[in-house]
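Let me begin by presenting the structure, written as structure tokens, before commenting on it.
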Amino acid sequence: MELLEVFAAVVEQQSLNKASQLLNVSQPALSRKIGNLENELGAVLFERRGKRLVLTRAGRKCYEYALEFRRLRRRLTEELGALTGRSPARTLTIGASLTTLQSTLPDLITLYMEDDPDTDIKAVTGKTHEIVSLVREHKVDIGLVASRVDHPYVRCVPLFDDHLCLVLPDGHPYAGEPSIGIGDLNRLPMILFSKGTWYRILMDELFLRYAIFPDVKMEIDSFEAIIRLVPTCHAAALLPKSYLRSSLLADNGLIARNIAELEMTKRTTSLIYSEAAEHDAAVRQFIAKARSAFPPYTVQA
């Protein structure tokens, strides 16, 4: 069992060095463990191609059984807990990108906790590529990112599409306009996301495409701060539609307007998890709850 866990870690990290750091063993010791497993099974599990480790056919079959052993171990733990009357406490660690942490994750946690209030939920945040790495390295059970992810050993469940909206304070000259175009953002006083953030990169590309030069008053990476400062500064902002709940807008004296060109900023919010994590009951239930919160996702042409 131990050797199969070690083998699975090397497969998922795609590197002896990274796997040794994850397992807290030296790289020579890890190599010996893989060699011992190959000797025990009588099969070569990896081929070395330069610095890369590539699974052989025997290695791919062995990885399938390693995942099955993980599933059986979880099932054994659950059934023994039921027999002794001590069901193991559920824990769930969720990695979220900045956008989803501020917009989607709180509602999903609330929905999940309605049926499982005793689950110990932890959340960590990072950029999308960091969350993908955390999922792949089994440092979080599930990830929530504002992107579709195509990565080996990572499953992706798209939930919904999102795009930016123009946010204005009540009484703004544009508030009562029957229609607003992208050109109306030129010279408009605005509060934008900080440089380097994904949405700011998206906005700058949009501004460049349409030759828009907004009057940038502030650059902030907090949704909440932008919401609070828009009416104070009597400026405008671009924020994801998923964040702009009716109550949030009403409580802060704001309105949201759609602009046709902003629909080109569409992103897909997705859940991501490893092949091994899908055997965990808490992960499966969180995915089911998340899917129930949104209409069935349809791939856009």
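Each chain in the structure tokens gets a letter, A, B, ..., in the order shown, and its residues are numbered from 1; ligands are numbered from 1 in order too.
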
Members of region 247-283 of chain A assigned alpha helix (DSSP H) by DSSP, as a list in words: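 Reading the DSSP output for region 247-283 of chain A, alpha helix (DSSP H) covers Ser247, Leu248, Leu249, Ala250, Asp251, Ala281, Ala282 and Val283 of chain A.
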
Could you list, as a list in words, every residue within 9 Å of Phe207 (chain A), counting only C-alpha atoms and ignoring same-chain residues fewer than 6 positions away?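 Non-adjacent residues within range: Ile182, Leu185, Asn186, Phe213 and Pro214 of chain A.
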
Near-region 254-260 of chain A list (6 Å; only C-alpha atoms; drop same-chain fewer than 6 positions) as a PyMOL selection string: chain A and resi 165-170+181

Resulting file, chosen residues, C-alpha atoms, as a PDB file, in the first residue's frame:
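What follows is the written file part-v1.pdb:
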```pdb
ATOM      1  CA  CYS A 165     -20.727  44.783 -16.239  1.00  0.00           C
ATOM      2  CA  LEU A 166     -20.480  48.553 -15.888  1.00  0.00           C
ATOM      3  CA  VAL A 167     -21.223  49.636 -12.305  1.00  0.00           C
ATOM      4  CA  LEU A 168     -22.398  53.197 -11.660  1.00  0.00           C
ATOM      5  CA  PRO A 169     -23.568  55.165  -8.615  1.00  0.00           C
ATOM      6  CA  ASP A 170     -27.194  56.293  -8.499  1.00  0.00           C
ATOM      7  CA  GLY A 181     -21.779  51.655 -25.755  1.00  0.00           C
TER       8      GLY A 181
END
```

Write out as an mmCIF file with N, CA and C atoms, in the first residue's frame each polymer residue whose atoms come within 6 Å of region 190-192 of chain A, counting only C-alpha atoms; drop sequence neighbours fewer than 3 positions from it.
```
data_model
loop_
_atom_site.group_PDB
_atom_site.id
_atom_site.type_symbol
_atom_site.label_atom_id
_atom_site.label_comp_id
_atom_site.auth_asym_id
_atom_site.auth_seq_id
_atom_site.Cartn_x
_atom_site.Cartn_y
_atom_site.Cartn_z
ATOM 1 N N ASP A 215 -10.414 57.611 -17.480
ATOM 2 C CA ASP A 215 -9.771 58.463 -16.486
ATOM 3 C C ASP A 215 -9.642 57.626 -15.209
ATOM 4 N N VAL A 216 -8.509 56.975 -15.037
ATOM 5 C CA VAL A 216 -8.324 56.032 -13.935
ATOM 6 C C VAL A 216 -8.061 56.783 -12.637
ATOM 7 N N LYS A 217 -9.005 56.682 -11.698
ATOM 8 C CA LYS A 217 -8.884 57.368 -10.411
ATOM 9 C C LYS A 217 -8.150 56.513 -9.374
ATOM 10 N N MET A 218 -8.414 55.216 -9.407
ATOM 11 C CA MET A 218 -7.790 54.296 -8.450
ATOM 12 C C MET A 218 -7.615 52.938 -9.104
ATOM 13 N N GLU A 219 -6.659 52.153 -8.551
ATOM 14 C CA GLU A 219 -6.431 50.776 -8.989
ATOM 15 C C GLU A 219 -6.401 49.897 -7.735
ATOM 16 N N ALA A 235 -17.472 57.559 -9.317
ATOM 17 C CA ALA A 235 -16.786 56.999 -10.482
ATOM 18 C C ALA A 235 -17.528 55.760 -10.953
ATOM 19 N N ALA A 236 -17.014 55.133 -11.999
ATOM 20 C CA ALA A 236 -17.591 53.895 -12.527
ATOM 21 C C ALA A 236 -16.579 52.771 -12.334
ATOM 22 N N ALA A 237 -17.032 51.532 -12.489
ATOM 23 C CA ALA A 237 -16.149 50.376 -12.376
ATOM 24 C C ALA A 237 -16.671 49.261 -13.266
#
```

Please build the interface table for region 128-219 of chain A against region 2-18 of chain A with a cut-off of 10 Å, listing for each qualifying residue the nearest atom pair and the distance in Å to one decimal; count only C-alpha atoms, order rows by chain and increasing number, and write it as CSV.
```
residue,atom,partner,partner_atom,distance
A:Ser133,CA,A:Gln13,CA,9.2
A:Arg136,CA,A:Glu12,CA,6.5
A:Glu137,CA,A:Gln13,CA,6.4
A:His138,CA,A:Glu12,CA,9.0
A:Pro152,CA,A:Glu12,CA,8.4
A:Tyr153,CA,A:Glu12,CA,6.7
A:Val154,CA,A:Glu12,CA,9.4
```

Applying 12 Å and only C-alpha atoms, which residues near Leu206 (chain A) remain after dropping the ones on its own chain fewer than 2 positions away? List them as a list in words.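 Here the qualifying residues turn out to be Leu164, Ile182, Gly183, Leu185, Asn186, Tyr199, Arg200, Ile201, Leu202, Met203, Asp204, Leu208, Arg209, Tyr210, Ala211, Ile212, Phe213, Pro214, Leu238, Glu261, Leu262, Glu263, Met264 and Thr265 of chain A.
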
Residue subset to file, keeping C-alpha atoms, as a PDB file, in the first residue's frame:
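And here's again-v6.pdb as it stands now:
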```
ATOM      1  CA  LEU A 164     -18.037  42.160 -16.812  1.00  0.00           C
ATOM      2  CA  ILE A 182     -18.134  50.823 -25.236  1.00  0.00           C
ATOM      3  CA  GLY A 183     -17.192  54.249 -26.592  1.00  0.00           C
ATOM      4  CA  LEU A 185     -16.131  54.610 -21.381  1.00  0.00           C
ATOM      5  CA  ASN A 186     -13.620  56.955 -23.033  1.00  0.00           C
ATOM      6  CA  TYR A 199      -9.434  41.176 -15.124  1.00  0.00           C
ATOM      7  CA  ARG A 200      -7.172  44.209 -15.503  1.00  0.00           C
ATOM      8  CA  ILE A 201      -5.298  42.509 -18.342  1.00  0.00           C
ATOM      9  CA  LEU A 202      -8.662  41.759 -19.948  1.00  0.00           C
ATOM     10  CA  MET A 203      -9.803  45.362 -19.520  1.00  0.00           C
ATOM     11  CA  ASP A 204      -6.578  46.799 -20.951  1.00  0.00           C
ATOM     12  CA  LEU A 208      -6.734  48.984 -26.604  1.00  0.00           C
ATOM     13  CA  ARG A 209      -9.033  47.254 -29.096  1.00  0.00           C
ATOM     14  CA  TYR A 210     -11.578  50.074 -29.000  1.00  0.00           C
ATOM     15  CA  ALA A 211      -9.132  52.957 -28.408  1.00  0.00           C
ATOM     16  CA  ILE A 212     -10.643  53.712 -24.982  1.00  0.00           C
ATOM     17  CA  PHE A 213      -8.738  55.896 -22.511  1.00  0.00           C
ATOM     18  CA  PRO A 214     -10.560  55.909 -19.176  1.00  0.00           C
ATOM     19  CA  LEU A 238     -16.185  47.098 -14.287  1.00  0.00           C
ATOM     20  CA  GLU A 261     -18.840  44.639 -26.025  1.00  0.00           C
ATOM     21  CA  LEU A 262     -18.332  43.629 -22.399  1.00  0.00           C
ATOM     22  CA  GLU A 263     -19.945  40.273 -23.120  1.00  0.00           C
ATOM     23  CA  MET A 264     -16.706  39.495 -24.976  1.00  0.00           C
ATOM     24  CA  THR A 265     -15.039  39.334 -21.535  1.00  0.00           C
TER      25      THR A 265
END
```
